[in-house]
file model_4.txt (compact mmCIF, C-alpha atoms)
# COMPACT_ATOMS: atom_id res chain seq x y z
CA MET H 1289 -8.14 -14.29 11.53
CA LEU H 1290 -7.03 -13.30 8.02
CA ASN H 1291 -3.45 -13.72 6.81
CA ILE H 1292 -1.87 -10.49 5.54
CA ALA H 1293 1.11 -10.39 3.16
CA VAL H 1294 2.87 -7.06 2.67
CA LEU H 1295 4.86 -6.20 -0.47
CA VAL H 1296 7.67 -3.67 -0.05
CA SER H 1297 10.49 -2.05 -2.00
CA GLY H 1298 12.32 0.26 0.39
CA GLY H 1299 12.55 1.51 3.93
CA GLY H 1300 9.19 0.17 5.03
CA THR H 1301 7.69 3.13 6.89
CA ASN H 1302 4.16 2.09 5.90
CA LEU H 1303 4.99 -1.47 6.88
CA GLN H 1304 6.07 -0.15 10.29
CA ALA H 1305 2.76 1.66 10.62
CA LEU H 1306 1.00 -1.66 10.05
CA ILE H 1307 3.26 -3.50 12.50
CA ASP H 1308 2.69 -0.82 15.15
CA ALA H 1309 -1.08 -0.90 14.61
CA GLN H 1310 -1.06 -4.68 14.93
CA HIS H 1311 0.90 -4.48 18.18
CA ARG H 1312 -1.64 -1.96 19.53
CA GLY H 1313 -4.44 -4.40 18.75
CA GLU H 1314 -5.92 -2.20 16.03
CA ILE H 1315 -6.12 -4.98 13.42
CA PRO H 1316 -7.95 -7.64 15.46
CA GLY H 1317 -9.23 -9.50 12.42
CA GLY H 1318 -5.86 -10.10 10.76
CA ARG H 1319 -2.16 -10.69 11.25
CA ILE H 1320 0.88 -9.97 9.10
CA VAL H 1321 2.34 -13.36 8.18
CA LYS H 1322 4.85 -12.45 5.44
CA VAL H 1323 6.76 -9.49 4.05
CA VAL H 1324 7.96 -9.86 0.46
CA ALA H 1325 10.51 -7.41 -0.97
CA SER H 1326 11.17 -6.58 -4.60
CA LYS H 1327 14.92 -6.69 -3.97
CA PRO H 1328 17.28 -7.89 -1.23
CA GLY H 1329 18.78 -5.66 1.41
CA VAL H 1330 15.92 -3.22 1.88
CA TYR H 1331 15.36 -1.93 5.40
CA ALA H 1332 11.74 -3.09 5.34
CA LEU H 1333 13.00 -6.66 5.68
CA GLU H 1334 14.88 -5.65 8.84
CA ARG H 1335 11.69 -4.15 10.23
CA ALA H 1336 9.91 -7.42 9.54
CA ALA H 1337 12.67 -9.47 11.18
CA LYS H 1338 12.61 -7.28 14.30
CA ALA H 1339 8.86 -7.89 14.54
CA GLY H 1340 9.29 -11.64 14.10
CA ILE H 1341 7.62 -11.66 10.69
CA PRO H 1342 9.09 -13.95 7.97
CA GLY H 1343 10.54 -12.14 4.97
CA GLY H 1344 11.24 -13.10 1.39
CA VAL H 1345 12.51 -11.61 -1.86
CA VAL H 1346 11.07 -11.97 -5.36
CA ARG H 1347 13.13 -9.87 -7.76
CA ARG H 1348 12.04 -9.41 -11.37
CA ARG H 1349 15.51 -9.65 -12.87
CA ASP H 1350 15.98 -13.11 -11.37
CA TYR H 1351 13.36 -14.53 -13.77
CA ALA H 1352 13.62 -15.08 -17.50
CA SER H 1353 10.13 -13.80 -18.28
CA PRO H 1354 7.35 -11.74 -16.71
CA GLU H 1355 5.27 -14.91 -16.51
CA GLU H 1356 7.94 -16.68 -14.45
CA PHE H 1357 8.13 -13.69 -12.11
CA ASP H 1358 4.35 -13.71 -11.69
CA ARG H 1359 4.36 -17.41 -10.84
CA ALA H 1360 7.14 -16.91 -8.28
CA LEU H 1361 5.35 -13.99 -6.65
CA MET H 1362 2.04 -15.82 -6.48
CA ALA H 1363 3.78 -18.90 -5.09
CA GLU H 1364 5.29 -16.74 -2.33
CA LEU H 1365 1.87 -15.30 -1.50
CA ASP H 1366 0.18 -18.68 -1.65
CA SER H 1367 2.80 -20.24 0.60
CA CYS H 1368 1.71 -18.04 3.50
CA GLY H 1369 -1.98 -18.41 2.75
CA ALA H 1370 -2.42 -14.70 2.02
CA ASP H 1371 -6.02 -13.56 2.33
CA LEU H 1372 -5.05 -9.91 1.82
CA VAL H 1373 -2.09 -8.43 -0.04
CA VAL H 1374 -0.97 -4.93 0.97
CA LEU H 1375 1.33 -2.81 -1.19
CA ALA H 1376 3.34 -0.67 1.23
CA GLY H 1377 5.74 1.33 -0.90
CA TYR H 1378 5.92 -1.45 -3.48
CA LEU H 1379 7.28 0.15 -6.66
CA SER H 1380 6.55 -2.62 -9.15
CA ILE H 1381 3.27 -2.66 -11.08
CA LEU H 1382 1.46 -5.96 -10.66
CA SER H 1383 0.49 -7.83 -13.81
CA PRO H 1384 -3.14 -8.52 -14.77
CA SER H 1385 -2.68 -12.19 -13.86
CA VAL H 1386 -1.60 -11.36 -10.30
CA VAL H 1387 -4.37 -8.78 -9.93
CA ALA H 1388 -6.95 -11.28 -11.17
CA ARG H 1389 -5.70 -13.95 -8.80
CA TYR H 1390 -6.26 -11.67 -5.81
CA ALA H 1391 -9.15 -9.58 -7.14
CA ASN H 1392 -10.47 -7.15 -4.51
CA ARG H 1393 -7.87 -8.53 -2.09
CA ILE H 1394 -4.98 -6.14 -2.86
CA LEU H 1395 -4.79 -2.76 -1.10
CA ASN H 1396 -2.41 0.04 -2.01
CA VAL H 1397 -1.70 3.40 -0.41
CA HIS H 1398 -0.97 6.28 -2.81
CA PRO H 1399 0.44 9.62 -1.59
CA ALA H 1400 -2.12 11.87 -3.29
CA LEU H 1401 -5.86 12.37 -3.53
CA ILE H 1402 -6.74 10.13 -6.47
CA PRO H 1403 -7.53 10.98 -9.27
CA SER H 1404 -4.92 13.74 -8.88
CA PHE H 1405 -1.22 12.96 -9.44
CA CYS H 1406 -1.66 9.24 -9.92
CA GLY H 1407 -1.17 6.52 -12.51
CA LYS H 1408 1.92 5.24 -14.25
CA GLY H 1409 5.05 7.20 -13.38
CA TYR H 1410 3.63 8.79 -10.25
CA TYR H 1411 5.42 7.28 -7.26
CA GLY H 1412 7.57 8.41 -4.34
CA LEU H 1413 8.80 11.99 -4.48
CA LYS H 1414 7.53 12.38 -8.05
CA VAL H 1415 3.99 12.63 -6.70
CA HIS H 1416 4.86 15.46 -4.33
CA GLU H 1417 7.01 17.25 -6.90
CA ALA H 1418 4.04 17.23 -9.26
CA ALA H 1419 1.69 18.55 -6.59
CA LEU H 1420 4.05 21.42 -5.78
CA ALA H 1421 4.63 22.20 -9.45
CA TYR H 1422 0.87 22.42 -10.02
CA GLY H 1423 0.46 24.69 -7.02
CA VAL H 1424 -2.28 22.81 -5.20
CA LYS H 1425 -3.12 23.95 -1.66
CA VAL H 1426 -4.31 20.55 -0.49
CA THR H 1427 -2.97 17.08 -1.18
CA GLY H 1428 -3.26 13.87 0.83
CA ALA H 1429 -3.32 10.11 0.57
CA THR H 1430 -5.63 7.42 -0.79
CA VAL H 1431 -6.04 3.75 0.04
CA HIS H 1432 -7.56 1.86 -2.86
CA PHE H 1433 -7.98 -1.61 -4.23
CA VAL H 1434 -5.58 -2.56 -7.00
CA ASN H 1435 -6.94 -3.42 -10.44
CA GLU H 1436 -5.37 -3.65 -13.89
CA ILE H 1437 -5.13 0.16 -14.17
CA PRO H 1438 -2.37 1.80 -12.10
CA ASP H 1439 -4.07 3.63 -9.21
CA GLY H 1440 -7.41 2.91 -10.88
CA GLY H 1441 -9.13 0.61 -8.39
CA ALA H 1442 -11.99 1.34 -6.01
CA ILE H 1443 -11.17 3.98 -3.40
CA VAL H 1444 -11.52 2.87 0.22
CA LEU H 1445 -10.29 5.84 2.27
CA GLN H 1446 -8.85 9.29 1.63
CA LYS H 1447 -7.52 12.05 3.84
CA ALA H 1448 -6.50 15.59 2.92
CA VAL H 1449 -3.24 17.22 4.02
CA GLU H 1450 -2.46 20.92 3.75
CA VAL H 1451 0.37 22.08 1.46
CA LEU H 1452 2.44 24.77 3.18
CA PRO H 1453 4.02 27.74 1.33
CA ASP H 1454 7.59 26.69 2.14
CA ASP H 1455 7.15 22.99 1.44
CA THR H 1456 9.69 20.97 -0.49
CA ALA H 1457 8.86 17.59 -1.96
CA GLU H 1458 10.64 16.01 1.00
CA THR H 1459 8.80 17.94 3.71
CA LEU H 1460 5.46 17.39 1.98
CA GLN H 1461 6.18 13.68 1.61
CA ARG H 1462 6.88 13.40 5.32
CA ARG H 1463 3.72 15.27 6.33
CA VAL H 1464 1.54 13.18 4.04
CA MET H 1465 3.01 10.01 5.52
CA GLU H 1466 2.61 11.14 9.13
CA GLN H 1467 -0.83 12.72 8.82
CA ALA H 1468 -2.46 10.44 6.25
CA GLU H 1469 -0.68 7.30 5.01
CA TRP H 1470 0.26 5.87 8.41
CA GLU H 1471 -3.30 6.43 9.62
CA LEU H 1472 -5.28 5.33 6.57
CA LEU H 1473 -3.46 2.14 5.64
CA PRO H 1474 -3.84 0.33 8.99
CA ARG H 1475 -7.46 1.53 9.21
CA ALA H 1476 -8.29 0.17 5.75
CA VAL H 1477 -6.58 -3.14 6.52
CA ALA H 1478 -8.58 -3.44 9.75
CA LEU H 1479 -11.83 -2.71 7.92
CA PHE H 1480 -11.04 -5.35 5.30
CA CYS H 1481 -10.18 -7.95 7.93
CA GLU H 1482 -13.45 -7.22 9.70
CA GLY H 1483 -15.32 -7.88 6.45
CA ARG H 1484 -16.68 -4.34 6.39
CA ILE H 1485 -15.64 -3.34 2.86
CA THR H 1486 -17.96 -4.16 -0.02
CA VAL H 1487 -16.81 -3.59 -3.61
CA GLU H 1488 -19.42 -2.99 -6.27
CA GLY H 1489 -17.91 -2.32 -9.68
CA ASN H 1490 -15.33 0.41 -9.14
CA HIS H 1491 -16.81 1.65 -5.88
CA ALA H 1492 -16.02 0.51 -2.35
CA ARG H 1493 -18.52 0.87 0.48
CA ILE H 1494 -17.65 0.66 4.17
CA ASP H 1495 -20.46 -1.20 5.88
CA GLY H 1496 -21.58 0.43 9.10
CA GLY H 1497 -19.52 3.53 8.36
CA ASP H 1498 -15.89 4.18 9.24
CA ARG H 1499 -15.74 4.34 13.02
CA SER H 1500 -12.33 6.03 12.91
CA ASN H 1501 -13.60 9.22 11.32

call {"tool": "encode", "arguments": {"input": "model_4.txt", "output": "structure tokens"}}
result
Amino acid sequence: MLNIAVLVSGGGTNLQALIDAQHRGEIPGGRIVKVVASKPGVYALERAAKAGIPGGVVRRRDYASPEEFDRALMAELDSCGADLVVLAGYLSILSPSVVARYANRILNVHPALIPSFCGKGYYGLKVHEAALAYGVKVTGATVHFVNEIPDGGAIVLQKAVEVLPDDTAETLQRRVMEQAEWELLPRAVALFCEGRITVEGNHARIDGGDRSN
């Protein structure tokens, strides 16, 4: 049974998807043991508390240097014995030292089909605003491993979502969450906990195929 730590920054809808999947028995190889927020007072911490999951806060501005922040974050993750770190709406870019410490053990969900609309500056509604501005007919979500390049790690799973003619950034964001993010993230976590993901260079392979497709 692997220990899963989830990093959050806001409402925690992707965290809730993980909690719900765990309660349904869909992540048999792992359990969420800690939720760490980038600031106090976010609703994601309430979701964790309701599910009986310990929560914590590691806020950048509370530390005198980036190095001190990194040490505090890693100490929080180490304290719960994290085998897997999941970024679920975590809006802070992890430093190379943190990424190296948990190499190929950090998963992130991004609300677009990487390599489209990704990288530094593309987060939250900005991703969907960019997709609508470009006029794409299909968008989606991607679960990938985190490396030193924002949204640049090995892709694990992707799913396409149709863009409708009357979409706003808000309606598109909701559809991408409901149809892709909330499905892909728990599935990828389950595959990792089952030891079925192999990373070779910048490519991820699912051993035995993805049974959920």

call {"tool": "atom_distance", "arguments": {"input": "model_4.txt", "atom1": "CA of Phe1357 in chain H", "atom2": "CA of Ser1380 in chain H"}}
result
11.6 Å

call {"tool": "closest_residue", "arguments": {"input": "model_4.txt", "among": "H:Val1451, H:Ser1383, H:Pro1354, H:Ala1418", "to": "Pro1438 in chain H", "atoms": "only C-alpha atoms"}}
result
H:Ser1383

call {"tool": "closest_residue", "arguments": {"input": "model_4.txt", "among": "H:Val1323, H:Leu1365, H:Val1386, H:Val1444", "to": "Leu1401 in chain H", "atoms": "all atoms listed in the file"}}
result
H:Val1444

call {"tool": "closest_residue", "arguments": {"input": "model_4.txt", "among": "H:Glu1450, H:Glu1469, H:Asp1366, H:Glu1436", "to": "Ala1419 in chain H", "atoms": "only C-alpha atoms"}}
result
H:Glu1450

call {"tool": "residues_around", "arguments": {"input": "model_4.txt", "residues": "His1398 in chain H", "least_positions_apart": "3", "cutoff": "8 Å", "atoms": "only C-alpha atoms", "output": "PDB file with C-alpha atoms, in the coordinates of the input"}}
result
ATOM      1  CA  LEU H1401      -5.860  12.370  -3.530  1.00  0.00           C
ATOM      2  CA  ILE H1402      -6.740  10.130  -6.470  1.00  0.00           C
ATOM      3  CA  CYS H1406      -1.660   9.240  -9.920  1.00  0.00           C
ATOM      4  CA  TYR H1411       5.420   7.280  -7.260  1.00  0.00           C
ATOM      5  CA  ALA H1429      -3.320  10.110   0.570  1.00  0.00           C
ATOM      6  CA  THR H1430      -5.630   7.420  -0.790  1.00  0.00           C
ATOM      7  CA  VAL H1431      -6.040   3.750   0.040  1.00  0.00           C
ATOM      8  CA  HIS H1432      -7.560   1.860  -2.860  1.00  0.00           C
ATOM      9  CA  ASP H1439      -4.070   3.630  -9.210  1.00  0.00           C
ATOM     10  CA  GLU H1469      -0.680   7.300   5.010  1.00  0.00           C
TER      11      GLU H1469
END

call {"tool": "residues_around", "arguments": {"input": "model_4.txt", "residues": "Ile1315 in chain H", "least_positions_apart": "3", "cutoff": "12 Å", "atoms": "all atoms listed in the file", "output": "ChimeraX atom specification"}}
result
/H:1289-1292,1305-1312,1318-1320,1473-1483

call {"tool": "closest_residue", "arguments": {"input": "model_4.txt", "among": "H:His1416, H:Lys1322, H:Arg1347, H:Arg1335", "to": "Asp1371 in chain H", "atoms": "only C-alpha atoms"}}
result
H:Lys1322

call {"tool": "closest_residue", "arguments": {"input": "model_4.txt", "among": "H:Val1387, H:Leu1375, H:Ile1341, H:Ala1352", "to": "Leu1295 in chain H", "atoms": "only C-alpha atoms"}}
result
H:Leu1375

call {"tool": "atom_distance", "arguments": {"input": "model_4.txt", "atom1": "CA of Val1487 in chain H", "atom2": "CA of Ala1363 in chain H"}}
result
25.7 Å

call {"tool": "residues_around", "arguments": {"input": "model_4.txt", "residues": "Val1324 in chain H", "least_positions_apart": "2", "cutoff": "6 Å", "atoms": "all atoms listed in the file", "output": "list in words"}}
result
Leu1295, Gly1343, Gly1344 and Val1345 of chain H

call {"tool": "residues_around", "arguments": {"input": "model_4.txt", "residues": "Leu1460 in chain H", "least_positions_apart": "4", "cutoff": "12 Å", "atoms": "only C-alpha atoms", "output": "JSON list (two decimals) with C-alpha atoms, in the frame of the given file"}}
result
[["chain", "number", "residue", "atom", "x", "y", "z"],
["H", 1399, "PRO", "CA", 0.44, 9.62, -1.59],
["H", 1400, "ALA", "CA", -2.12, 11.87, -3.29],
["H", 1412, "GLY", "CA", 7.57, 8.41, -4.34],
["H", 1413, "LEU", "CA", 8.80, 11.99, -4.48],
["H", 1414, "LYS", "CA", 7.53, 12.38, -8.05],
["H", 1415, "VAL", "CA", 3.99, 12.63, -6.70],
["H", 1416, "HIS", "CA", 4.86, 15.46, -4.33],
["H", 1417, "GLU", "CA", 7.01, 17.25, -6.90],
["H", 1418, "ALA", "CA", 4.04, 17.23, -9.26],
["H", 1419, "ALA", "CA", 1.69, 18.55, -6.59],
["H", 1420, "LEU", "CA", 4.05, 21.42, -5.78],
["H", 1424, "VAL", "CA", -2.28, 22.81, -5.20],
["H", 1425, "LYS", "CA", -3.12, 23.95, -1.66],
["H", 1426, "VAL", "CA", -4.31, 20.55, -0.49],
["H", 1427, "THR", "CA", -2.97, 17.08, -1.18],
["H", 1428, "GLY", "CA", -3.26, 13.87, 0.83],
["H", 1429, "ALA", "CA", -3.32, 10.11, 0.57],
["H", 1449, "VAL", "CA", -3.24, 17.22, 4.02],
["H", 1450, "GLU", "CA", -2.46, 20.92, 3.75],
["H", 1451, "VAL", "CA", 0.37, 22.08, 1.46],
["H", 1452, "LEU", "CA", 2.44, 24.77, 3.18],
["H", 1453, "PRO", "CA", 4.02, 27.74, 1.33],
["H", 1454, "ASP", "CA", 7.59, 26.69, 2.14],
["H", 1455, "ASP", "CA", 7.15, 22.99, 1.44],
["H", 1456, "THR", "CA", 9.69, 20.97, -0.49],
["H", 1464, "VAL", "CA", 1.54, 13.18, 4.04],
["H", 1465, "MET", "CA", 3.01, 10.01, 5.52],
["H", 1466, "GLU", "CA", 2.61, 11.14, 9.13],
["H", 1467, "GLN", "CA", -0.83, 12.72, 8.82],
["H", 1468, "ALA", "CA", -2.46, 10.44, 6.25]]

call {"tool": "closest_residue", "arguments": {"input": "model_4.txt", "among": "H:Tyr1390, H:Tyr1422, H:Trp1470, H:Phe1433", "to": "Lys1447 in chain H", "atoms": "only C-alpha atoms"}}
result
H:Trp1470

call {"tool": "atom_distance", "arguments": {"input": "model_4.txt", "atom1": "CA of Ala1332 in chain H", "atom2": "CA of Gln1304 in chain H"}}
result
8.1 Å

call {"tool": "axis_aligned_box", "arguments": {"input": "model_4.txt", "around": "range 1291-1298 of chain H", "padding_each_side": "6 Å", "output": "AutoDock Vina command-line options"}}
result
--center_x 4.4 --center_y -6.7 --center_z 2.4 --size_x 27.8 --size_y 26.0 --size_z 20.8
